[in-house]
Amino acid sequence: MTHLKLLVIAGPPSAGKTALTKQIVKNFQSQLRIAYLKIDVVKAYEDIELKKEFSILTRKVYSGDLCPDHASVMVLGDVIDWAEENKADLLIVESAGLCLRCSPYLNQGLGVVVLSSISGIHTPEKMGAMVSLADVAVVTKIDLVSQAEREVFIQKISEIHPSGIVMETNALQGTSLHRLYNLIVNSEDITPDQLMLKGSPPIGTCTICVGKKEIGWKNHFGVVKRLDGPIADYLYRGE
């Protein structure tokens with residue numbers, strides 16, 4: 001029987017995902033055996049930093065030409081097997097944070113979105129499912145904005161995800177994270193053969209995906225988009 005907790009950390013680049021991860025590892029390293037996966041596109045060093053600083057199990061995956069969140073779906077089964085084989089108690093998956101349309105959260109475990117308070121008050125609205133399907137939103141860099149800006153930012157998150165849990169922190173110092181630690185401790189162990197995505201990722205099937213470089217929708221087939229057409233236009237098969 002699996003005794004493994006899962007934590008998925010998502011968010012845009014430079015929001016403070018790794019800084020938050022370090023605070024979580026620092027808090028739990030004496031209590032739990034932790035395994036960590038970093039998913040990125042071209043280069044990542046977070047796994048090296050965490051292994052050097054905390055001596056935890058780490059892996060990384062480069063998605064290359066594949067959407068990093070699609071890559072996560074592909075490799076997550078193997079990663080869970082790896083964590084179980086190494087008798088991990090907590091698996092932390094940190095996304096690449098590049099596609100604001102995708103949502104890497106699962107129907108089990110805990111999904112955390114990390115948002116920088118200095119990214120602009122409209123940022124939560126631009127991120128769609130990455131915010132609306134998260135269990136917890138952690139707002140970072142709160143020491144760099146005014147109280148009024150923080151309140152507006154948090155209100156925007158609450159409008160998109162009224163039932164979500166929102167907390168603020170300076171992730172470099174790890175302030176006000178005890179509630180998050182309690183949520184992680186109290187989260188249920190996962191059942192690997194019942195894991196599914198919470199939401200549907202965007203379709204990634206078109207001739208651009210396989211390297212066709214011509215400009216204009218008539219030069220492509222698959223799911224295409226015209227200037228005056230609806231979102232996710234239609235399946236175009238060519239003339």
# chains A, B, ... in the order shown; residues from 1 in each chain; ligands from 1
$ select_by_dssp --residues "range 1-202 of chain A" --states "strand (DSSP E)" --output "ChimeraX atom specification"
/A:5-10,34-40,57-62,90-94,110-116,136-140,165-168
$ write_last_selection --atoms "N, CA, C and O atoms" --output "short mmCIF file (atom, residue, chain, number, x, y, z; two decimals), in the first residue's frame"
data_model
loop_
_atom_site.label_atom_id
_atom_site.label_comp_id
_atom_site.auth_asym_id
_atom_site.auth_seq_id
_atom_site.Cartn_x
_atom_site.Cartn_y
_atom_site.Cartn_z
N LYS A 5 2.61 11.16 0.06
CA LYS A 5 1.89 12.41 -0.14
C LYS A 5 2.44 13.10 -1.37
O LYS A 5 3.64 12.99 -1.67
N LEU A 6 1.58 13.85 -2.07
CA LEU A 6 1.98 14.52 -3.30
C LEU A 6 1.69 16.00 -3.20
O LEU A 6 0.60 16.42 -2.81
N LEU A 7 2.68 16.81 -3.56
CA LEU A 7 2.55 18.26 -3.58
C LEU A 7 2.98 18.77 -4.94
O LEU A 7 4.13 18.55 -5.36
N VAL A 8 2.08 19.41 -5.68
CA VAL A 8 2.39 19.98 -6.99
C VAL A 8 2.46 21.49 -6.85
O VAL A 8 1.49 22.13 -6.41
N ILE A 9 3.61 22.07 -7.20
CA ILE A 9 3.83 23.51 -7.08
C ILE A 9 3.95 24.11 -8.47
O ILE A 9 4.83 23.73 -9.25
N ALA A 10 3.04 25.04 -8.79
CA ALA A 10 3.02 25.65 -10.12
C ALA A 10 3.07 27.17 -9.97
O ALA A 10 2.94 27.72 -8.88
N ILE A 34 11.86 13.02 1.62
CA ILE A 34 11.31 13.85 0.55
C ILE A 34 11.97 13.51 -0.78
O ILE A 34 13.19 13.34 -0.88
N ALA A 35 11.13 13.41 -1.82
CA ALA A 35 11.61 13.26 -3.19
C ALA A 35 11.11 14.47 -3.98
O ALA A 35 10.00 14.96 -3.76
N TYR A 36 11.94 14.95 -4.90
CA TYR A 36 11.64 16.20 -5.62
C TYR A 36 11.88 16.02 -7.11
O TYR A 36 12.90 15.46 -7.53
N LEU A 37 10.91 16.48 -7.90
CA LEU A 37 11.06 16.49 -9.36
C LEU A 37 10.89 17.91 -9.87
O LEU A 37 9.91 18.59 -9.55
N LYS A 38 11.83 18.36 -10.70
CA LYS A 38 11.71 19.65 -11.39
C LYS A 38 11.49 19.38 -12.87
O LYS A 38 12.23 18.63 -13.50
N ILE A 39 10.44 20.00 -13.42
CA ILE A 39 10.17 19.90 -14.85
C ILE A 39 10.48 21.24 -15.48
O ILE A 39 9.99 22.28 -15.03
N ASP A 40 11.32 21.24 -16.51
CA ASP A 40 11.63 22.48 -17.21
C ASP A 40 11.79 22.19 -18.69
O ASP A 40 11.70 21.04 -19.12
N LEU A 57 16.25 13.36 -2.19
CA LEU A 57 16.20 12.71 -3.50
C LEU A 57 15.70 13.71 -4.53
O LEU A 57 14.68 14.36 -4.32
N THR A 58 16.41 13.85 -5.64
CA THR A 58 15.98 14.80 -6.67
C THR A 58 16.11 14.20 -8.06
O THR A 58 16.98 13.38 -8.33
N ARG A 59 15.21 14.64 -8.93
CA ARG A 59 15.25 14.32 -10.36
C ARG A 59 14.82 15.55 -11.14
O ARG A 59 14.17 16.44 -10.60
N LYS A 60 15.15 15.59 -12.43
CA LYS A 60 14.62 16.64 -13.29
C LYS A 60 14.32 16.06 -14.66
O LYS A 60 14.92 15.05 -15.08
N VAL A 61 13.39 16.69 -15.35
CA VAL A 61 12.97 16.27 -16.67
C VAL A 61 12.94 17.50 -17.57
O VAL A 61 12.37 18.53 -17.19
N TYR A 62 13.57 17.40 -18.74
CA TYR A 62 13.48 18.46 -19.73
C TYR A 62 12.42 18.07 -20.76
O TYR A 62 12.49 17.00 -21.35
N LEU A 90 6.99 12.09 0.94
CA LEU A 90 6.43 13.27 0.28
C LEU A 90 7.13 13.48 -1.06
O LEU A 90 8.35 13.54 -1.12
N LEU A 91 6.33 13.55 -2.12
CA LEU A 91 6.85 13.84 -3.46
C LEU A 91 6.43 15.25 -3.83
O LEU A 91 5.25 15.58 -3.86
N ILE A 92 7.43 16.10 -4.10
CA ILE A 92 7.18 17.48 -4.52
C ILE A 92 7.49 17.59 -6.01
O ILE A 92 8.60 17.27 -6.44
N VAL A 93 6.52 18.03 -6.79
CA VAL A 93 6.70 18.24 -8.22
C VAL A 93 6.61 19.74 -8.49
O VAL A 93 5.58 20.36 -8.22
N GLU A 94 7.69 20.31 -9.01
CA GLU A 94 7.70 21.73 -9.33
C GLU A 94 7.64 21.90 -10.84
O GLU A 94 8.51 21.43 -11.56
N LEU A 110 -1.98 17.80 -3.05
CA LEU A 110 -2.21 19.22 -2.82
C LEU A 110 -1.60 20.02 -3.97
O LEU A 110 -0.44 19.82 -4.33
N GLY A 111 -2.41 20.91 -4.57
CA GLY A 111 -1.94 21.75 -5.66
C GLY A 111 -1.76 23.18 -5.18
O GLY A 111 -2.69 23.79 -4.65
N VAL A 112 -0.55 23.71 -5.35
CA VAL A 112 -0.22 25.06 -4.87
C VAL A 112 0.21 25.92 -6.05
O VAL A 112 1.10 25.53 -6.82
N VAL A 113 -0.41 27.09 -6.20
CA VAL A 113 0.05 28.06 -7.19
C VAL A 113 0.78 29.17 -6.45
O VAL A 113 0.33 29.65 -5.42
N VAL A 114 1.93 29.55 -6.98
CA VAL A 114 2.75 30.61 -6.39
C VAL A 114 2.65 31.84 -7.28
O VAL A 114 2.91 31.78 -8.48
N LEU A 115 2.27 32.96 -6.68
CA LEU A 115 2.07 34.20 -7.41
C LEU A 115 2.90 35.32 -6.78
O LEU A 115 2.85 35.51 -5.56
N SER A 116 3.62 36.05 -7.60
CA SER A 116 4.41 37.18 -7.10
C SER A 116 3.54 38.42 -7.00
O SER A 116 2.88 38.81 -7.97
N VAL A 136 -4.37 25.81 -3.04
CA VAL A 136 -3.80 26.90 -2.25
C VAL A 136 -3.09 27.88 -3.18
O VAL A 136 -2.39 27.47 -4.12
N ALA A 137 -3.28 29.17 -2.93
CA ALA A 137 -2.52 30.21 -3.63
C ALA A 137 -1.59 30.87 -2.62
O ALA A 137 -2.05 31.37 -1.58
N VAL A 138 -0.29 30.84 -2.91
CA VAL A 138 0.69 31.49 -2.04
C VAL A 138 1.21 32.74 -2.73
O VAL A 138 1.79 32.66 -3.81
N VAL A 139 0.98 33.88 -2.13
CA VAL A 139 1.41 35.17 -2.68
C VAL A 139 2.76 35.52 -2.06
O VAL A 139 2.88 35.64 -0.84
N THR A 140 3.76 35.70 -2.92
CA THR A 140 5.12 35.95 -2.44
C THR A 140 5.54 37.41 -2.64
O THR A 140 4.83 38.19 -3.26
N ILE A 165 -7.74 28.59 -0.86
CA ILE A 165 -7.06 29.10 0.34
C ILE A 165 -5.94 30.02 -0.13
O ILE A 165 -5.11 29.64 -0.95
N VAL A 166 -5.92 31.25 0.38
CA VAL A 166 -4.89 32.22 0.00
C VAL A 166 -4.04 32.55 1.21
O VAL A 166 -4.57 32.81 2.30
N MET A 167 -2.73 32.54 1.03
CA MET A 167 -1.84 32.96 2.10
C MET A 167 -0.70 33.78 1.53
O MET A 167 -0.35 33.66 0.36
N GLU A 168 -0.13 34.66 2.36
CA GLU A 168 0.93 35.56 1.93
C GLU A 168 2.22 35.19 2.64
O GLU A 168 2.22 34.76 3.79
#
$ residues_around --residues "Ser158 in chain A" --least-positions-apart "3" --cutoff "12 Å" --atoms "only C-alpha atoms" --output "list of chain:residue names"
A:Pro124, A:Glu125, A:Val131, A:Ser132, A:Ala134, A:Val136, A:Ala137, A:Glu151, A:Val152, A:Phe153, A:Ile154, A:Gln155, A:His161, A:Pro162, A:Ser163, A:Gly164, A:Ile165, A:Val166, A:Met167
$ write_last_selection --atoms "all heavy atoms" --output "short mmCIF file (atom, residue, chain, number, x, y, z; two decimals), in the first residue's frame"
data_model
loop_
_atom_site.label_atom_id
_atom_site.label_comp_id
_atom_site.auth_asym_id
_atom_site.auth_seq_id
_atom_site.Cartn_x
_atom_site.Cartn_y
_atom_site.Cartn_z
N PRO A 124 -3.50 37.34 -11.73
CA PRO A 124 -4.35 36.16 -11.47
C PRO A 124 -5.40 35.93 -12.54
O PRO A 124 -5.72 34.78 -12.88
CB PRO A 124 -4.98 36.49 -10.12
CG PRO A 124 -4.02 37.43 -9.46
CD PRO A 124 -3.48 38.26 -10.58
N GLU A 125 -5.94 37.01 -13.11
CA GLU A 125 -6.98 36.88 -14.13
C GLU A 125 -6.43 36.28 -15.42
O GLU A 125 -7.17 35.69 -16.21
CB GLU A 125 -7.58 38.25 -14.44
CG GLU A 125 -8.28 38.90 -13.27
CD GLU A 125 -8.70 40.33 -13.58
OE1 GLU A 125 -7.82 41.19 -13.73
OE2 GLU A 125 -9.92 40.56 -13.68
N VAL A 131 -4.72 29.03 -11.54
CA VAL A 131 -5.20 29.63 -10.29
C VAL A 131 -6.50 28.96 -9.84
O VAL A 131 -6.63 28.56 -8.70
CB VAL A 131 -5.40 31.15 -10.44
CG1 VAL A 131 -6.05 31.73 -9.18
CG2 VAL A 131 -4.08 31.84 -10.72
N SER A 132 -7.46 28.84 -10.75
CA SER A 132 -8.80 28.40 -10.37
C SER A 132 -8.88 26.95 -9.91
O SER A 132 -9.81 26.57 -9.21
CB SER A 132 -9.78 28.63 -11.52
OG SER A 132 -9.44 27.84 -12.64
N ALA A 134 -6.21 25.38 -8.31
CA ALA A 134 -5.26 25.16 -7.22
C ALA A 134 -6.01 25.01 -5.89
O ALA A 134 -7.09 25.57 -5.71
CB ALA A 134 -4.28 26.32 -7.12
N VAL A 136 -4.37 25.81 -3.04
CA VAL A 136 -3.80 26.90 -2.25
C VAL A 136 -3.09 27.88 -3.18
O VAL A 136 -2.39 27.47 -4.12
CB VAL A 136 -2.77 26.37 -1.22
CG1 VAL A 136 -2.20 27.51 -0.38
CG2 VAL A 136 -3.39 25.31 -0.33
N ALA A 137 -3.28 29.17 -2.93
CA ALA A 137 -2.52 30.21 -3.63
C ALA A 137 -1.59 30.87 -2.62
O ALA A 137 -2.05 31.37 -1.58
CB ALA A 137 -3.45 31.24 -4.25
N GLU A 151 -3.87 43.78 -0.92
CA GLU A 151 -5.29 43.49 -0.74
C GLU A 151 -6.02 43.37 -2.07
O GLU A 151 -6.87 42.48 -2.24
CB GLU A 151 -5.93 44.57 0.14
CG GLU A 151 -5.47 44.50 1.59
CD GLU A 151 -6.06 45.60 2.44
OE1 GLU A 151 -6.87 46.39 1.91
OE2 GLU A 151 -5.73 45.67 3.65
N VAL A 152 -5.68 44.24 -3.01
CA VAL A 152 -6.30 44.16 -4.34
C VAL A 152 -5.89 42.87 -5.03
O VAL A 152 -6.72 42.18 -5.66
CB VAL A 152 -5.90 45.38 -5.21
CG1 VAL A 152 -6.38 45.20 -6.64
CG2 VAL A 152 -6.49 46.65 -4.63
N PHE A 153 -4.63 42.51 -4.93
CA PHE A 153 -4.11 41.29 -5.55
C PHE A 153 -4.83 40.06 -5.01
O PHE A 153 -5.27 39.18 -5.77
CB PHE A 153 -2.61 41.19 -5.30
CG PHE A 153 -1.89 40.19 -6.15
CD1 PHE A 153 -1.44 40.52 -7.41
CD2 PHE A 153 -1.64 38.90 -5.68
CE1 PHE A 153 -0.77 39.60 -8.20
CE2 PHE A 153 -0.97 37.98 -6.45
CZ PHE A 153 -0.53 38.34 -7.73
N ILE A 154 -4.98 40.01 -3.70
CA ILE A 154 -5.65 38.87 -3.06
C ILE A 154 -7.12 38.83 -3.44
O ILE A 154 -7.70 37.76 -3.65
CB ILE A 154 -5.45 38.93 -1.53
CG1 ILE A 154 -3.99 38.62 -1.20
CG2 ILE A 154 -6.37 37.94 -0.82
CD1 ILE A 154 -3.61 38.90 0.23
N GLN A 155 -7.74 39.99 -3.55
CA GLN A 155 -9.13 40.05 -3.96
C GLN A 155 -9.31 39.48 -5.36
O GLN A 155 -10.29 38.77 -5.64
CB GLN A 155 -9.64 41.50 -3.91
CG GLN A 155 -11.08 41.69 -4.36
CD GLN A 155 -12.08 40.91 -3.52
OE1 GLN A 155 -11.85 40.71 -2.32
NE2 GLN A 155 -13.17 40.48 -4.12
N HIS A 161 -11.13 32.27 -7.76
CA HIS A 161 -11.22 30.99 -7.05
C HIS A 161 -11.76 31.25 -5.64
O HIS A 161 -11.01 31.23 -4.66
CB HIS A 161 -9.82 30.37 -6.99
CG HIS A 161 -9.81 28.94 -6.54
ND1 HIS A 161 -10.96 28.20 -6.34
CD2 HIS A 161 -8.78 28.10 -6.25
CE1 HIS A 161 -10.64 26.98 -5.94
NE2 HIS A 161 -9.32 26.90 -5.87
N PRO A 162 -13.07 31.48 -5.51
CA PRO A 162 -13.66 31.85 -4.22
C PRO A 162 -13.42 30.85 -3.11
O PRO A 162 -13.35 31.22 -1.94
CB PRO A 162 -15.16 31.97 -4.54
CG PRO A 162 -15.22 32.23 -6.01
CD PRO A 162 -14.08 31.46 -6.60
N SER A 163 -13.32 29.56 -3.44
CA SER A 163 -13.17 28.54 -2.41
C SER A 163 -11.71 28.21 -2.11
O SER A 163 -11.42 27.37 -1.25
CB SER A 163 -13.91 27.26 -2.82
OG SER A 163 -13.34 26.73 -4.02
N GLY A 164 -10.79 28.84 -2.82
CA GLY A 164 -9.37 28.55 -2.62
C GLY A 164 -8.82 29.16 -1.35
O GLY A 164 -9.36 30.13 -0.81
N ILE A 165 -7.74 28.59 -0.86
CA ILE A 165 -7.06 29.10 0.34
C ILE A 165 -5.94 30.02 -0.13
O ILE A 165 -5.11 29.64 -0.95
CB ILE A 165 -6.49 27.95 1.18
CG1 ILE A 165 -7.61 27.05 1.67
CG2 ILE A 165 -5.68 28.49 2.36
CD1 ILE A 165 -7.13 25.75 2.30
N VAL A 166 -5.92 31.25 0.38
CA VAL A 166 -4.89 32.22 0.00
C VAL A 166 -4.04 32.55 1.21
O VAL A 166 -4.57 32.81 2.30
CB VAL A 166 -5.53 33.51 -0.56
CG1 VAL A 166 -4.43 34.48 -1.03
CG2 VAL A 166 -6.47 33.19 -1.71
N MET A 167 -2.73 32.54 1.03
CA MET A 167 -1.84 32.96 2.10
C MET A 167 -0.70 33.78 1.53
O MET A 167 -0.35 33.66 0.36
CB MET A 167 -1.31 31.75 2.89
CG MET A 167 -0.67 30.66 2.07
SD MET A 167 -0.33 29.17 3.05
CE MET A 167 -1.98 28.50 3.26
#
$ residues_around --residues "Gly77 in chain A" --least-positions-apart "2" --cutoff "12 Å" --atoms "only C-alpha atoms" --output "ChimeraX atom specification"
/A:71-75,79-84,191-196
$ select_by_dssp --residues "chain A" --states "alpha helix (DSSP H)" --output "VMD selection string"
chain A and resid 17 to 28 46 to 54 68 to 85 123 to 126 129 to 132 147 to 160 178 to 186
$ residues_around --residues "range 18-20 of chain A" --least-positions-apart "6" --cutoff "8 Å" --atoms "only C-alpha atoms" --output "VMD selection string"
chain A and resid 46 94 171 to 172 174
$ write_last_selection --atoms "N, CA, C and O atoms" --output "tab-separated table (two decimals), in the first residue's frame"
chain	number	residue	atom	x	y	z
A	46	GLU	N	17.53	23.63	-10.10
A	46	GLU	CA	16.89	23.53	-8.79
A	46	GLU	C	17.15	22.19	-8.12
A	46	GLU	O	17.34	22.13	-6.89
A	94	GLU	N	7.69	20.31	-9.01
A	94	GLU	CA	7.70	21.73	-9.33
A	94	GLU	C	7.64	21.90	-10.84
A	94	GLU	O	8.51	21.43	-11.56
A	171	ALA	N	8.84	34.37	0.79
A	171	ALA	CA	9.31	32.98	0.70
A	171	ALA	C	10.79	32.83	1.05
A	171	ALA	O	11.22	31.76	1.48
A	172	LEU	N	11.57	33.89	0.88
A	172	LEU	CA	12.99	33.81	1.23
A	172	LEU	C	13.17	33.64	2.74
A	172	LEU	O	14.12	33.02	3.19
A	174	GLY	N	10.37	32.65	4.69
A	174	GLY	CA	9.44	31.60	5.12
A	174	GLY	C	8.41	32.05	6.12
A	174	GLY	O	7.93	31.25	6.94
$ closest_residue --among "A:Cys67, A:Leu183, A:Ala129, A:Ala15" --to "Thr169 in chain A" --atoms "only C-alpha atoms"
A:Ala15
$ closest_residue --among "A:Asn170, A:Asp65, A:Lys156, A:Asp189" --to "Gly120 in chain A" --atoms "only C-alpha atoms"
A:Lys156
$ closest_residue --among "A:Val25, A:Met130, A:Leu76, A:Val41" --to "Gly11 in chain A" --atoms "only C-alpha atoms"
A:Met130
$ residues_around --residues "Ser200 in chain A" --least-positions-apart "2" --cutoff "9 Å" --atoms "only C-alpha atoms" --output "CSV table (one decimal) with C-alpha atoms, in the first residue's frame"
chain,number,residue,atom,x,y,z
A,102,CYS,CA,-2.2,24.5,-18.5
A,103,SER,CA,-3.0,23.2,-15.0
A,197,LEU,CA,-5.8,15.6,-13.9
A,198,LYS,CA,-8.2,18.0,-12.3
A,202,PRO,CA,-5.1,22.6,-24.1
A,203,ILE,CA,-5.0,20.6,-27.3
